[in-house]
$ cat start_20.cif   # mmCIF, C-alpha atoms
data_coords
#
loop_
_atom_site.group_PDB
_atom_site.id
_atom_site.type_symbol
_atom_site.label_atom_id
_atom_site.label_comp_id
_atom_site.auth_asym_id
_atom_site.auth_seq_id
_atom_site.Cartn_x
_atom_site.Cartn_y
_atom_site.Cartn_z
ATOM 1 C CA MET A 175 0.000 0.000 0.000
ATOM 2 C CA THR A 176 2.714 2.447 0.972
ATOM 3 C CA ALA A 177 4.717 1.825 -2.187
ATOM 4 C CA THR A 178 1.689 2.710 -4.272
ATOM 5 C CA LEU A 179 0.985 5.817 -2.219
ATOM 6 C CA VAL A 180 4.607 6.963 -2.472
ATOM 7 C CA GLU A 181 4.617 6.333 -6.237
ATOM 8 C CA ARG A 182 1.417 8.319 -6.718
ATOM 9 C CA TYR A 183 2.655 11.035 -4.389
ATOM 10 C CA LEU A 184 5.974 11.458 -6.216
ATOM 11 C CA ALA A 185 4.201 11.278 -9.587
ATOM 12 C CA ALA A 186 2.151 14.323 -8.516
ATOM 13 C CA TRP A 187 5.352 16.165 -7.613
ATOM 14 C CA ASN A 188 6.765 15.291 -11.055
ATOM 15 C CA GLU A 189 3.605 16.237 -12.995
ATOM 16 C CA THR A 190 4.364 19.418 -14.936
ATOM 17 C CA ASP A 191 0.985 19.702 -16.686
ATOM 18 C CA ALA A 192 -1.115 22.036 -14.509
ATOM 19 C CA ASP A 193 -4.447 20.270 -15.092
ATOM 20 C CA ALA A 194 -3.013 16.796 -14.547
ATOM 21 C CA ARG A 195 -1.230 18.036 -11.421
ATOM 22 C CA ALA A 196 -4.440 19.527 -10.005
ATOM 23 C CA LYS A 197 -6.235 16.234 -10.662
ATOM 24 C CA ALA A 198 -3.445 14.201 -9.057
ATOM 25 C CA VAL A 199 -3.495 16.433 -5.973
ATOM 26 C CA ALA A 200 -7.289 16.110 -5.645
ATOM 27 C CA LEU A 201 -7.032 12.324 -5.844
ATOM 28 C CA LEU A 202 -4.173 12.196 -3.316
ATOM 29 C CA TRP A 203 -5.320 14.686 -0.645
ATOM 30 C CA THR A 204 -8.639 15.200 1.124
ATOM 31 C CA GLU A 205 -10.321 18.567 0.483
ATOM 32 C CA ASP A 206 -8.963 19.968 3.763
ATOM 33 C CA GLY A 207 -5.666 18.084 3.473
ATOM 34 C CA THR A 208 -2.537 19.868 4.648
ATOM 35 C CA TYR A 209 1.076 20.074 3.522
ATOM 36 C CA THR A 210 3.813 21.409 5.819
ATOM 37 C CA ASP A 211 7.525 21.453 5.041
ATOM 38 C CA PRO A 212 10.311 23.890 6.030
ATOM 39 C CA MET A 213 9.271 26.316 3.247
ATOM 40 C CA ALA A 214 5.483 25.880 3.111
ATOM 41 C CA ASP A 215 2.495 25.372 5.401
ATOM 42 C CA VAL A 216 -0.726 25.157 3.393
ATOM 43 C CA ALA A 217 -4.138 23.483 3.263
ATOM 44 C CA GLY A 218 -6.441 22.536 0.392
ATOM 45 C CA HIS A 219 -5.945 21.243 -3.134
ATOM 46 C CA GLU A 220 -5.282 24.572 -4.823
ATOM 47 C CA ALA A 221 -2.632 25.678 -2.330
ATOM 48 C CA ILE A 222 -0.911 22.287 -2.362
ATOM 49 C CA ALA A 223 -0.810 22.242 -6.181
ATOM 50 C CA ALA A 224 0.690 25.752 -6.088
ATOM 51 C CA VAL A 225 3.465 24.585 -3.726
ATOM 52 C CA ILE A 226 4.291 21.730 -6.108
ATOM 53 C CA ALA A 227 4.308 24.104 -9.098
ATOM 54 C CA GLY A 228 6.645 26.422 -7.173
ATOM 55 C CA ALA A 229 9.079 23.603 -6.437
ATOM 56 C CA GLN A 230 9.102 22.629 -10.113
ATOM 57 C CA GLN A 231 9.871 26.219 -11.106
ATOM 58 C CA MET A 232 12.696 26.344 -8.572
ATOM 59 C CA PHE A 233 14.215 23.057 -9.790
ATOM 60 C CA PRO A 234 13.316 22.793 -13.494
ATOM 61 C CA GLY A 235 14.024 19.409 -15.085
ATOM 62 C CA LEU A 236 14.740 17.684 -11.773
ATOM 63 C CA VAL A 237 12.864 14.513 -10.864
ATOM 64 C CA PHE A 238 11.548 13.205 -7.537
ATOM 65 C CA THR A 239 12.235 9.496 -6.923
ATOM 66 C CA ALA A 240 11.676 7.226 -3.920
ATOM 67 C CA GLY A 241 14.424 7.055 -1.285
ATOM 68 C CA GLU A 242 15.431 4.251 1.068
ATOM 69 C CA VAL A 243 12.946 4.679 3.932
ATOM 70 C CA ASP A 244 9.391 3.361 3.470
ATOM 71 C CA ASP A 245 7.503 2.295 6.550
ATOM 72 C CA ALA A 246 3.837 2.360 7.588
ATOM 73 C CA HIS A 247 1.515 1.465 10.471
ATOM 74 C CA HIS A 248 -2.064 2.373 11.430
ATOM 75 C CA ASP A 249 -3.020 5.388 9.281
ATOM 76 C CA VAL A 250 0.522 6.813 9.046
ATOM 77 C CA ALA A 251 3.569 6.288 6.860
ATOM 78 C CA ARG A 252 7.064 7.697 6.496
ATOM 79 C CA PHE A 253 9.242 7.688 3.429
ATOM 80 C CA THR A 254 12.232 9.474 1.955
ATOM 81 C CA TRP A 255 12.592 10.906 -1.537
ATOM 82 C CA HIS A 256 15.419 12.143 -3.722
ATOM 83 C CA LEU A 257 15.403 15.179 -6.002
ATOM 84 C CA ALA A 258 17.935 14.964 -8.822
ATOM 85 C CA PRO A 259 18.507 15.417 -12.533
ATOM 86 C CA GLU A 260 17.287 12.265 -14.311
ATOM 87 C CA GLY A 261 19.890 9.505 -13.944
ATOM 88 C CA ALA A 262 22.172 11.484 -11.604
ATOM 89 C CA ALA A 263 24.175 9.443 -9.104
ATOM 90 C CA GLU A 264 23.905 11.995 -6.304
ATOM 91 C CA PRO A 265 20.605 13.631 -5.286
ATOM 92 C CA LEU A 266 20.538 17.418 -5.044
ATOM 93 C CA ALA A 267 18.088 17.204 -2.160
ATOM 94 C CA VAL A 268 16.761 14.426 0.082
ATOM 95 C CA GLY A 269 13.476 14.764 1.916
ATOM 96 C CA PHE A 270 11.730 12.878 4.676
ATOM 97 C CA ASP A 271 7.924 12.944 4.700
ATOM 98 C CA VAL A 272 5.420 11.638 7.213
ATOM 99 C CA VAL A 273 1.837 11.322 6.018
ATOM 100 C CA ARG A 274 -1.410 10.623 7.819
ATOM 101 C CA LEU A 275 -4.286 9.167 5.819
ATOM 102 C CA ALA A 276 -8.015 9.764 6.096
ATOM 103 C CA GLU A 277 -10.529 6.925 6.184
ATOM 104 C CA ASP A 278 -11.024 7.138 2.415
ATOM 105 C CA GLY A 279 -7.299 6.476 1.911
ATOM 106 C CA ARG A 280 -6.487 10.009 0.828
ATOM 107 C CA ILE A 281 -3.848 12.098 2.588
ATOM 108 C CA ARG A 282 -5.002 14.221 5.544
ATOM 109 C CA GLN A 283 -1.618 15.712 6.229
ATOM 110 C CA VAL A 284 1.972 15.680 5.100
ATOM 111 C CA ILE A 285 4.718 16.724 7.516
ATOM 112 C CA GLY A 286 7.965 17.101 5.598
ATOM 113 C CA PHE A 287 11.581 17.585 6.621
ATOM 114 C CA LEU A 288 14.793 17.929 4.636
ATOM 115 C CA ASP A 289 17.672 15.470 5.165
ATOM 116 C CA LYS A 290 19.807 17.147 2.513
ATOM 117 C CA VAL A 291 19.365 20.635 1.055
ATOM 118 C CA PRO A 292 20.730 21.923 -2.270
ATOM 119 C CA ALA A 293 24.180 23.452 -1.727
ATOM 120 C CA MET B 260 12.653 25.132 21.894
ATOM 121 C CA THR B 261 12.831 21.632 20.459
ATOM 122 C CA ALA B 262 15.574 20.531 22.860
ATOM 123 C CA THR B 263 13.387 21.519 25.792
ATOM 124 C CA LEU B 264 10.373 19.773 24.335
ATOM 125 C CA VAL B 265 12.362 16.598 23.672
ATOM 126 C CA GLU B 266 13.829 16.683 27.184
ATOM 127 C CA ARG B 267 10.392 17.110 28.763
ATOM 128 C CA TYR B 268 8.939 14.457 26.459
ATOM 129 C CA LEU B 269 11.593 11.884 27.310
ATOM 130 C CA ALA B 270 11.377 12.779 31.023
ATOM 131 C CA ALA B 271 7.686 11.816 30.883
ATOM 132 C CA TRP B 272 8.612 8.474 29.297
ATOM 133 C CA ASN B 273 11.150 7.911 32.091
ATOM 134 C CA GLU B 274 8.809 8.959 34.926
ATOM 135 C CA THR B 275 7.925 5.824 36.897
ATOM 136 C CA ASP B 276 5.768 7.541 39.542
ATOM 137 C CA ALA B 277 2.175 7.279 38.303
ATOM 138 C CA ASP B 278 1.023 10.657 39.611
ATOM 139 C CA ALA B 279 4.078 12.518 38.346
ATOM 140 C CA ARG B 280 3.715 10.750 34.979
ATOM 141 C CA ALA B 281 0.051 11.762 34.693
ATOM 142 C CA LYS B 282 0.985 15.359 35.475
ATOM 143 C CA ALA B 283 3.834 15.353 32.954
ATOM 144 C CA VAL B 284 1.530 13.962 30.247
ATOM 145 C CA ALA B 285 -1.117 16.618 30.981
ATOM 146 C CA LEU B 286 1.493 19.379 30.716
ATOM 147 C CA LEU B 287 2.935 17.942 27.483
ATOM 148 C CA TRP B 288 -0.215 17.008 25.522
ATOM 149 C CA THR B 289 -3.453 18.855 24.808
ATOM 150 C CA GLU B 290 -6.605 17.239 26.244
ATOM 151 C CA ASP B 291 -7.413 15.636 22.875
ATOM 152 C CA GLY B 292 -3.761 15.001 22.020
ATOM 153 C CA THR B 293 -2.912 11.780 20.201
ATOM 154 C CA TYR B 294 -0.098 9.249 20.274
ATOM 155 C CA THR B 295 0.418 6.753 17.444
ATOM 156 C CA ASP B 296 3.316 4.300 17.139
ATOM 157 C CA PRO B 297 3.537 0.786 15.655
ATOM 158 C CA MET B 298 2.057 -0.711 18.869
ATOM 159 C CA ALA B 299 -0.401 1.961 20.012
ATOM 160 C CA ASP B 300 -2.903 4.457 18.616
ATOM 161 C CA VAL B 301 -4.546 6.427 21.426
ATOM 162 C CA ALA B 302 -5.952 9.848 22.342
ATOM 163 C CA GLY B 303 -6.227 11.736 25.630
ATOM 164 C CA HIS B 304 -4.061 12.058 28.723
ATOM 165 C CA GLU B 305 -5.164 8.888 30.491
ATOM 166 C CA ALA B 306 -4.637 6.628 27.484
ATOM 167 C CA ILE B 307 -1.252 8.175 26.675
ATOM 168 C CA ALA B 308 -0.064 7.774 30.284
ATOM 169 C CA ALA B 309 -1.194 4.117 30.133
ATOM 170 C CA VAL B 310 0.878 3.525 26.977
ATOM 171 C CA ILE B 311 3.943 4.980 28.715
ATOM 172 C CA ALA B 312 3.317 2.829 31.813
ATOM 173 C CA GLY B 313 3.021 -0.230 29.555
ATOM 174 C CA ALA B 314 6.352 0.514 27.881
ATOM 175 C CA GLN B 315 8.013 0.878 31.278
ATOM 176 C CA GLN B 316 6.617 -2.487 32.374
ATOM 177 C CA MET B 317 7.884 -4.082 29.168
ATOM 178 C CA PHE B 318 11.384 -2.604 29.568
ATOM 179 C CA PRO B 319 11.938 -2.206 33.317
ATOM 180 C CA GLY B 320 15.021 -0.190 34.311
ATOM 181 C CA LEU B 321 15.688 1.015 30.766
ATOM 182 C CA VAL B 322 16.041 4.737 30.108
ATOM 183 C CA PHE B 323 14.967 6.908 27.162
ATOM 184 C CA THR B 324 17.600 9.418 26.013
ATOM 185 C CA ALA B 325 17.749 11.833 23.068
ATOM 186 C CA GLY B 326 19.126 10.515 19.755
ATOM 187 C CA GLU B 327 20.937 12.313 16.943
ATOM 188 C CA VAL B 328 18.051 13.811 14.964
ATOM 189 C CA ASP B 329 16.419 17.007 16.278
ATOM 190 C CA ASP B 330 14.827 19.323 13.757
ATOM 191 C CA ALA B 331 11.833 21.668 13.818
ATOM 192 C CA HIS B 332 9.883 24.110 11.623
ATOM 193 C CA HIS B 333 6.451 25.745 11.827
ATOM 194 C CA ASP B 334 4.483 23.783 14.442
ATOM 195 C CA VAL B 335 6.219 20.437 13.803
ATOM 196 C CA ALA B 336 9.383 18.718 14.979
ATOM 197 C CA ARG B 337 11.157 15.406 14.485
ATOM 198 C CA PHE B 338 13.620 13.740 16.789
ATOM 199 C CA THR B 339 15.105 10.335 17.520
ATOM 200 C CA TRP B 340 15.456 8.644 20.901
ATOM 201 C CA HIS B 341 17.378 5.700 22.314
ATOM 202 C CA LEU B 342 16.110 3.130 24.800
ATOM 203 C CA ALA B 343 18.887 1.429 26.762
ATOM 204 C CA PRO B 344 20.069 0.363 30.186
ATOM 205 C CA GLU B 345 21.628 3.400 31.895
ATOM 206 C CA GLY B 346 25.149 3.963 30.557
ATOM 207 C CA ALA B 347 24.930 1.247 27.872
ATOM 208 C CA ALA B 348 26.951 1.834 24.696
ATOM 209 C CA GLU B 349 24.378 0.275 22.359
ATOM 210 C CA PRO B 350 20.662 1.160 22.494
ATOM 211 C CA LEU B 351 18.175 -1.711 22.660
ATOM 212 C CA ALA B 352 15.703 0.290 20.573
ATOM 213 C CA VAL B 353 15.836 3.487 18.532
ATOM 214 C CA GLY B 354 12.709 5.467 17.753
ATOM 215 C CA PHE B 355 11.822 8.297 15.421
ATOM 216 C CA ASP B 356 9.018 10.627 16.496
ATOM 217 C CA VAL B 357 7.298 13.452 14.668
ATOM 218 C CA VAL B 358 5.227 15.811 16.795
ATOM 219 C CA ARG B 359 2.789 18.571 15.908
ATOM 220 C CA LEU B 360 2.163 21.290 18.499
ATOM 221 C CA ALA B 361 -1.013 23.177 19.339
ATOM 222 C CA GLU B 362 -1.093 26.962 19.666
ATOM 223 C CA ASP B 363 -0.529 26.725 23.428
ATOM 224 C CA GLY B 364 2.737 24.864 22.790
ATOM 225 C CA ARG B 365 1.432 21.497 23.955
ATOM 226 C CA ILE B 366 1.565 18.413 21.743
ATOM 227 C CA ARG B 367 -1.436 17.811 19.470
ATOM 228 C CA GLN B 368 -0.087 14.596 18.012
ATOM 229 C CA VAL B 369 2.854 12.258 18.068
ATOM 230 C CA ILE B 370 3.529 9.981 15.103
ATOM 231 C CA GLY B 371 6.197 7.470 16.041
ATOM 232 C CA PHE B 372 8.239 4.936 14.093
ATOM 233 C CA LEU B 373 10.935 2.459 15.110
ATOM 234 C CA ASP B 374 14.397 2.635 13.546
ATOM 235 C CA LYS B 375 15.671 -0.277 15.644
ATOM 236 C CA VAL B 376 13.574 -2.830 17.516
ATOM 237 C CA PRO B 377 14.687 -5.028 20.432
ATOM 238 C CA ALA B 378 16.104 -8.324 19.093
#
$ encode --input "start_20.cif" --output "structure tokens"
Amino acid sequence: MTATLVERYLAAWNETDADARAKAVALLWTEDGTYTDPMADVAGHEAIAAVIAGAQQMFPGLVFTAGEVDDAHHDVARFTWHLAPEGAAEPLAVGFDVVRLAEDGRIRQVIGFLDKVPA
Amino acid sequence: MTATLVERYLAAWNETDADARAKAVALLWTEDGTYTDPMADVAGHEAIAAVIAGAQQMFPGLVFTAGEVDDAHHDVARFTWHLAPEGAAEPLAVGFDVVRLAEDGRIRQVIGFLDKVPA
């Protein structure tokens, strides 16, 4: 279950088409879902999609892929991700996200931290 | 701020006097505060204090100390902890907790994971 969630989650972060990204966010998060990381603290589909669009503008051409950590219990999960140019050996950034799911399986909240920040 | 929170949090986990533990939990968590780890998923002071008492019974004489990770932004923080006999070189268990604070500075929720489990 977690693998699928992480794949869908990272696919949304990699989706550069605005309409497809908005749809992916709406399928992933509940209407009042939240996203909090060191740079952003927002709620709702539109605001979350805007944060993703902003990250893509800041790191054009870079791709989010799954990291090493992937662990879940009850309605929560934690996983790491890498941000890097496609095929790069070394990630530019590494993040650590904890998510809590709603009863319908969509994300209620994301709490994100950074393990490695771009130099 | 986080260091103090982590210290107070771990002190509650180490408090073996039932009354003092109940008081520490009430000062640390909001009334509807939650605690979720791989073994427990509870809400409210009484239930949280009972989870802590259960852990102490399972690992008598062991002590919780702060680990390497300690990082905070907005109203969230993450930190690791070690569980070990006092003075031991190697922890028996290592945990990873993410907490979200309420506006009054008390804990609204703890989401806990285990990085190392007792063999």
$ residues_around --input "start_20.cif" --residues "B:Asp363" --least-positions-apart "4" --cutoff "10 Å" --atoms "all atoms listed in the file" --output "list in words"
Trp288, Thr289 and Arg367 of chain B
$ closest_atom_pairs --input "start_20.cif" --of "chain A" --to "chain B" --cutoff "8 Å" --atoms "all atoms listed in the file" --output "Markdown table"
| residue | atom | partner | partner_atom | distance |
| --- | --- | --- | --- | --- |
| A:Thr210 | CA | B:His333 | CA | 7.9 |
| A:Asp211 | CA | B:His332 | CA | 7.5 |
| A:Pro212 | CA | B:His332 | CA | 5.6 |
| A:Asp215 | CA | B:His333 | CA | 7.6 |
| A:His247 | CA | B:Pro297 | CA | 5.6 |
| A:His248 | CA | B:Pro297 | CA | 7.2 |
| A:Val250 | CA | B:Ile370 | CA | 7.5 |
| A:Val272 | CA | B:Val357 | CA | 7.9 |
| A:Ile285 | CA | B:Val335 | CA | 7.5 |
$ atom_distance --input "start_20.cif" --atom1 "atom CA of A:Ala194" --atom2 "atom CA of A:Asp244"
25.7 Å
$ residues_around --input "start_20.cif" --residues "A:Ala227" --least-positions-apart "2" --cutoff "9 Å" --atoms "only C-alpha atoms" --output "list in words"
Trp187, Glu189, Thr190, Ala192, Arg195, Ile222, Ala223, Ala224, Val225, Ala229, Gln230, Gln231 and Met232 of chain A
$ calpha_fit_and_write --input "start_20.cif" --fixed "chain A" --moving "chain B" --output "mmCIF file with C-alpha atoms, in the coordinates of the input"
data_model
loop_
_atom_site.group_PDB
_atom_site.id
_atom_site.type_symbol
_atom_site.label_atom_id
_atom_site.label_comp_id
_atom_site.auth_asym_id
_atom_site.auth_seq_id
_atom_site.Cartn_x
_atom_site.Cartn_y
_atom_site.Cartn_z
ATOM 1 C CA MET B 260 -0.003 -0.011 -0.002
ATOM 2 C CA THR B 261 2.716 2.443 0.959
ATOM 3 C CA ALA B 262 4.723 1.830 -2.218
ATOM 4 C CA THR B 263 1.685 2.728 -4.296
ATOM 5 C CA LEU B 264 0.990 5.813 -2.233
ATOM 6 C CA VAL B 265 4.608 6.964 -2.486
ATOM 7 C CA GLU B 266 4.631 6.341 -6.242
ATOM 8 C CA ARG B 267 1.414 8.316 -6.733
ATOM 9 C CA TYR B 268 2.662 11.043 -4.395
ATOM 10 C CA LEU B 269 5.961 11.467 -6.220
ATOM 11 C CA ALA B 270 4.196 11.287 -9.609
ATOM 12 C CA ALA B 271 2.147 14.322 -8.530
ATOM 13 C CA TRP B 272 5.356 16.172 -7.620
ATOM 14 C CA ASN B 273 6.766 15.309 -11.060
ATOM 15 C CA GLU B 274 3.606 16.247 -12.995
ATOM 16 C CA THR B 275 4.361 19.429 -14.945
ATOM 17 C CA ASP B 276 0.971 19.714 -16.683
ATOM 18 C CA ALA B 277 -1.133 22.033 -14.513
ATOM 19 C CA ASP B 278 -4.450 20.268 -15.091
ATOM 20 C CA ALA B 279 -3.028 16.791 -14.558
ATOM 21 C CA ARG B 280 -1.238 18.044 -11.424
ATOM 22 C CA ALA B 281 -4.458 19.517 -10.012
ATOM 23 C CA LYS B 282 -6.243 16.227 -10.655
ATOM 24 C CA ALA B 283 -3.451 14.197 -9.057
ATOM 25 C CA VAL B 284 -3.497 16.436 -5.965
ATOM 26 C CA ALA B 285 -7.290 16.105 -5.647
ATOM 27 C CA LEU B 286 -7.037 12.310 -5.850
ATOM 28 C CA LEU B 287 -4.176 12.194 -3.320
ATOM 29 C CA TRP B 288 -5.334 14.683 -0.655
ATOM 30 C CA THR B 289 -8.644 15.200 1.130
ATOM 31 C CA GLU B 290 -10.337 18.565 0.486
ATOM 32 C CA ASP B 291 -8.974 19.967 3.764
ATOM 33 C CA GLY B 292 -5.675 18.093 3.483
ATOM 34 C CA THR B 293 -2.533 19.873 4.649
ATOM 35 C CA TYR B 294 1.076 20.086 3.526
ATOM 36 C CA THR B 295 3.809 21.409 5.825
ATOM 37 C CA ASP B 296 7.537 21.470 5.047
ATOM 38 C CA PRO B 297 10.310 23.903 6.042
ATOM 39 C CA MET B 298 9.258 26.314 3.242
ATOM 40 C CA ALA B 299 5.477 25.894 3.118
ATOM 41 C CA ASP B 300 2.491 25.379 5.412
ATOM 42 C CA VAL B 301 -0.729 25.165 3.397
ATOM 43 C CA ALA B 302 -4.147 23.486 3.269
ATOM 44 C CA GLY B 303 -6.454 22.530 0.403
ATOM 45 C CA HIS B 304 -5.951 21.244 -3.126
ATOM 46 C CA GLU B 305 -5.276 24.569 -4.824
ATOM 47 C CA ALA B 306 -2.633 25.684 -2.335
ATOM 48 C CA ILE B 307 -0.903 22.291 -2.362
ATOM 49 C CA ALA B 308 -0.807 22.228 -6.181
ATOM 50 C CA ALA B 309 0.694 25.751 -6.091
ATOM 51 C CA VAL B 310 3.465 24.595 -3.727
ATOM 52 C CA ILE B 311 4.299 21.733 -6.102
ATOM 53 C CA ALA B 312 4.310 24.106 -9.099
ATOM 54 C CA GLY B 313 6.641 26.430 -7.174
ATOM 55 C CA ALA B 314 9.076 23.604 -6.443
ATOM 56 C CA GLN B 315 9.099 22.632 -10.115
ATOM 57 C CA GLN B 316 9.873 26.222 -11.109
ATOM 58 C CA MET B 317 12.697 26.340 -8.572
ATOM 59 C CA PHE B 318 14.211 23.052 -9.792
ATOM 60 C CA PRO B 319 13.307 22.780 -13.484
ATOM 61 C CA GLY B 320 14.014 19.396 -15.097
ATOM 62 C CA LEU B 321 14.750 17.685 -11.782
ATOM 63 C CA VAL B 322 12.871 14.514 -10.874
ATOM 64 C CA PHE B 323 11.566 13.201 -7.539
ATOM 65 C CA THR B 324 12.243 9.497 -6.931
ATOM 66 C CA ALA B 325 11.676 7.232 -3.918
ATOM 67 C CA GLY B 326 14.438 7.056 -1.282
ATOM 68 C CA GLU B 327 15.430 4.246 1.072
ATOM 69 C CA VAL B 328 12.952 4.684 3.928
ATOM 70 C CA ASP B 329 9.397 3.361 3.462
ATOM 71 C CA ASP B 330 7.505 2.303 6.552
ATOM 72 C CA ALA B 331 3.843 2.361 7.579
ATOM 73 C CA HIS B 332 1.519 1.462 10.473
ATOM 74 C CA HIS B 333 -2.060 2.357 11.415
ATOM 75 C CA ASP B 334 -3.008 5.372 9.277
ATOM 76 C CA VAL B 335 0.525 6.816 9.054
ATOM 77 C CA ALA B 336 3.571 6.293 6.863
ATOM 78 C CA ARG B 337 7.069 7.702 6.495
ATOM 79 C CA PHE B 338 9.252 7.691 3.432
ATOM 80 C CA THR B 339 12.252 9.477 1.968
ATOM 81 C CA TRP B 340 12.608 10.913 -1.529
ATOM 82 C CA HIS B 341 15.446 12.138 -3.720
ATOM 83 C CA LEU B 342 15.424 15.174 -5.995
ATOM 84 C CA ALA B 343 17.954 14.959 -8.824
ATOM 85 C CA PRO B 344 18.513 15.397 -12.533
ATOM 86 C CA GLU B 345 17.270 12.246 -14.294
ATOM 87 C CA GLY B 346 19.862 9.476 -13.955
ATOM 88 C CA ALA B 347 22.156 11.443 -11.609
ATOM 89 C CA ALA B 348 24.160 9.403 -9.091
ATOM 90 C CA GLU B 349 23.918 11.978 -6.294
ATOM 91 C CA PRO B 350 20.621 13.625 -5.282
ATOM 92 C CA LEU B 351 20.554 17.418 -5.031
ATOM 93 C CA ALA B 352 18.094 17.197 -2.138
ATOM 94 C CA VAL B 353 16.772 14.429 0.098
ATOM 95 C CA GLY B 354 13.479 14.767 1.926
ATOM 96 C CA PHE B 355 11.726 12.890 4.690
ATOM 97 C CA ASP B 356 7.925 12.944 4.694
ATOM 98 C CA VAL B 357 5.426 11.642 7.212
ATOM 99 C CA VAL B 358 1.844 11.324 6.009
ATOM 100 C CA ARG B 359 -1.404 10.617 7.826
ATOM 101 C CA LEU B 360 -4.289 9.165 5.808
ATOM 102 C CA ALA B 361 -8.018 9.771 6.097
ATOM 103 C CA GLU B 362 -10.530 6.922 6.194
ATOM 104 C CA ASP B 363 -11.034 7.137 2.422
ATOM 105 C CA GLY B 364 -7.313 6.476 1.918
ATOM 106 C CA ARG B 365 -6.492 10.018 0.832
ATOM 107 C CA ILE B 366 -3.846 12.098 2.590
ATOM 108 C CA ARG B 367 -5.014 14.205 5.544
ATOM 109 C CA GLN B 368 -1.613 15.706 6.226
ATOM 110 C CA VAL B 369 1.972 15.687 5.103
ATOM 111 C CA ILE B 370 4.723 16.728 7.508
ATOM 112 C CA GLY B 371 7.968 17.104 5.603
ATOM 113 C CA PHE B 372 11.588 17.594 6.626
ATOM 114 C CA LEU B 373 14.810 17.935 4.642
ATOM 115 C CA ASP B 374 17.664 15.478 5.173
ATOM 116 C CA LYS B 375 19.817 17.153 2.515
ATOM 117 C CA VAL B 376 19.353 20.631 1.062
ATOM 118 C CA PRO B 377 20.712 21.937 -2.258
ATOM 119 C CA ALA B 378 24.179 23.469 -1.718
#
$ resolve_selection --input "start_20.cif" --expression "the PyMOL selection byres ((chain B and resi 345) around 7)" --output "ChimeraX atom specification"
/B:321-322,343-344,346-347
$ atom_distance --input "start_20.cif" --atom1 "atom CA of A:Val199" --atom2 "atom CA of A:His219"
6.1 Å
$ resolve_selection --input "start_20.cif" --expression "the PyMOL selection byres ((chain A and resi 218) around 7)" --output "list in words"
Glu205, Asp206, Gly207, Thr208, Val216, Ala217, His219, Glu220, Ala221 and Ile222 of chain A
$ atom_distance --input "start_20.cif" --atom1 "atom CA of A:Pro292" --atom2 "atom CA of A:Asp193"
28.3 Å
$ resolve_selection --input "start_20.cif" --expression "the PyMOL selection byres ((chain B and resi 264) around 10)" --output "VMD selection string"
chain B and resid 260 to 263 265 to 270 287 336 358 364 to 366
$ write_last_selection --input "start_20.cif" --atoms "C-alpha atoms" --output "mmCIF file, in the frame of the given file"
data_model
loop_
_atom_site.group_PDB
_atom_site.id
_atom_site.type_symbol
_atom_site.label_atom_id
_atom_site.label_comp_id
_atom_site.auth_asym_id
_atom_site.auth_seq_id
_atom_site.Cartn_x
_atom_site.Cartn_y
_atom_site.Cartn_z
ATOM 1 C CA MET B 260 12.653 25.132 21.894
ATOM 2 C CA THR B 261 12.831 21.632 20.459
ATOM 3 C CA ALA B 262 15.574 20.531 22.860
ATOM 4 C CA THR B 263 13.387 21.519 25.792
ATOM 5 C CA VAL B 265 12.362 16.598 23.672
ATOM 6 C CA GLU B 266 13.829 16.683 27.184
ATOM 7 C CA ARG B 267 10.392 17.110 28.763
ATOM 8 C CA TYR B 268 8.939 14.457 26.459
ATOM 9 C CA LEU B 269 11.593 11.884 27.310
ATOM 10 C CA ALA B 270 11.377 12.779 31.023
ATOM 11 C CA LEU B 287 2.935 17.942 27.483
ATOM 12 C CA ALA B 336 9.383 18.718 14.979
ATOM 13 C CA VAL B 358 5.227 15.811 16.795
ATOM 14 C CA GLY B 364 2.737 24.864 22.790
ATOM 15 C CA ARG B 365 1.432 21.497 23.955
ATOM 16 C CA ILE B 366 1.565 18.413 21.743
#
$ closest_residue --input "start_20.cif" --among "B:Ile311, B:Ala285, B:Phe318, B:Lys375" --to "B:His341" --atoms "only C-alpha atoms"
B:Lys375
$ residues_around --input "start_20.cif" --residues "B:Thr339" --least-positions-apart "5" --cutoff "7 Å" --atoms "all atoms listed in the file" --output "PyMOL selection string"
chain B and resi 325-329+353-356
$ residues_around --input "start_20.cif" --residues "A:Leu257" --least-positions-apart "2" --cutoff "6 Å" --atoms "all atoms listed in the file" --output "number ranges by chain"
A: 237-238, 265-267
$ axis_aligned_box --input "start_20.cif" --around "stretch 283-290 of chain A" --padding-each-side "6 Å" --output "JSON"
{"center_x": 9.1, "center_y": 16.7, "center_z": 5.0, "size_x": 33.4, "size_y": 14.5, "size_z": 17.0}
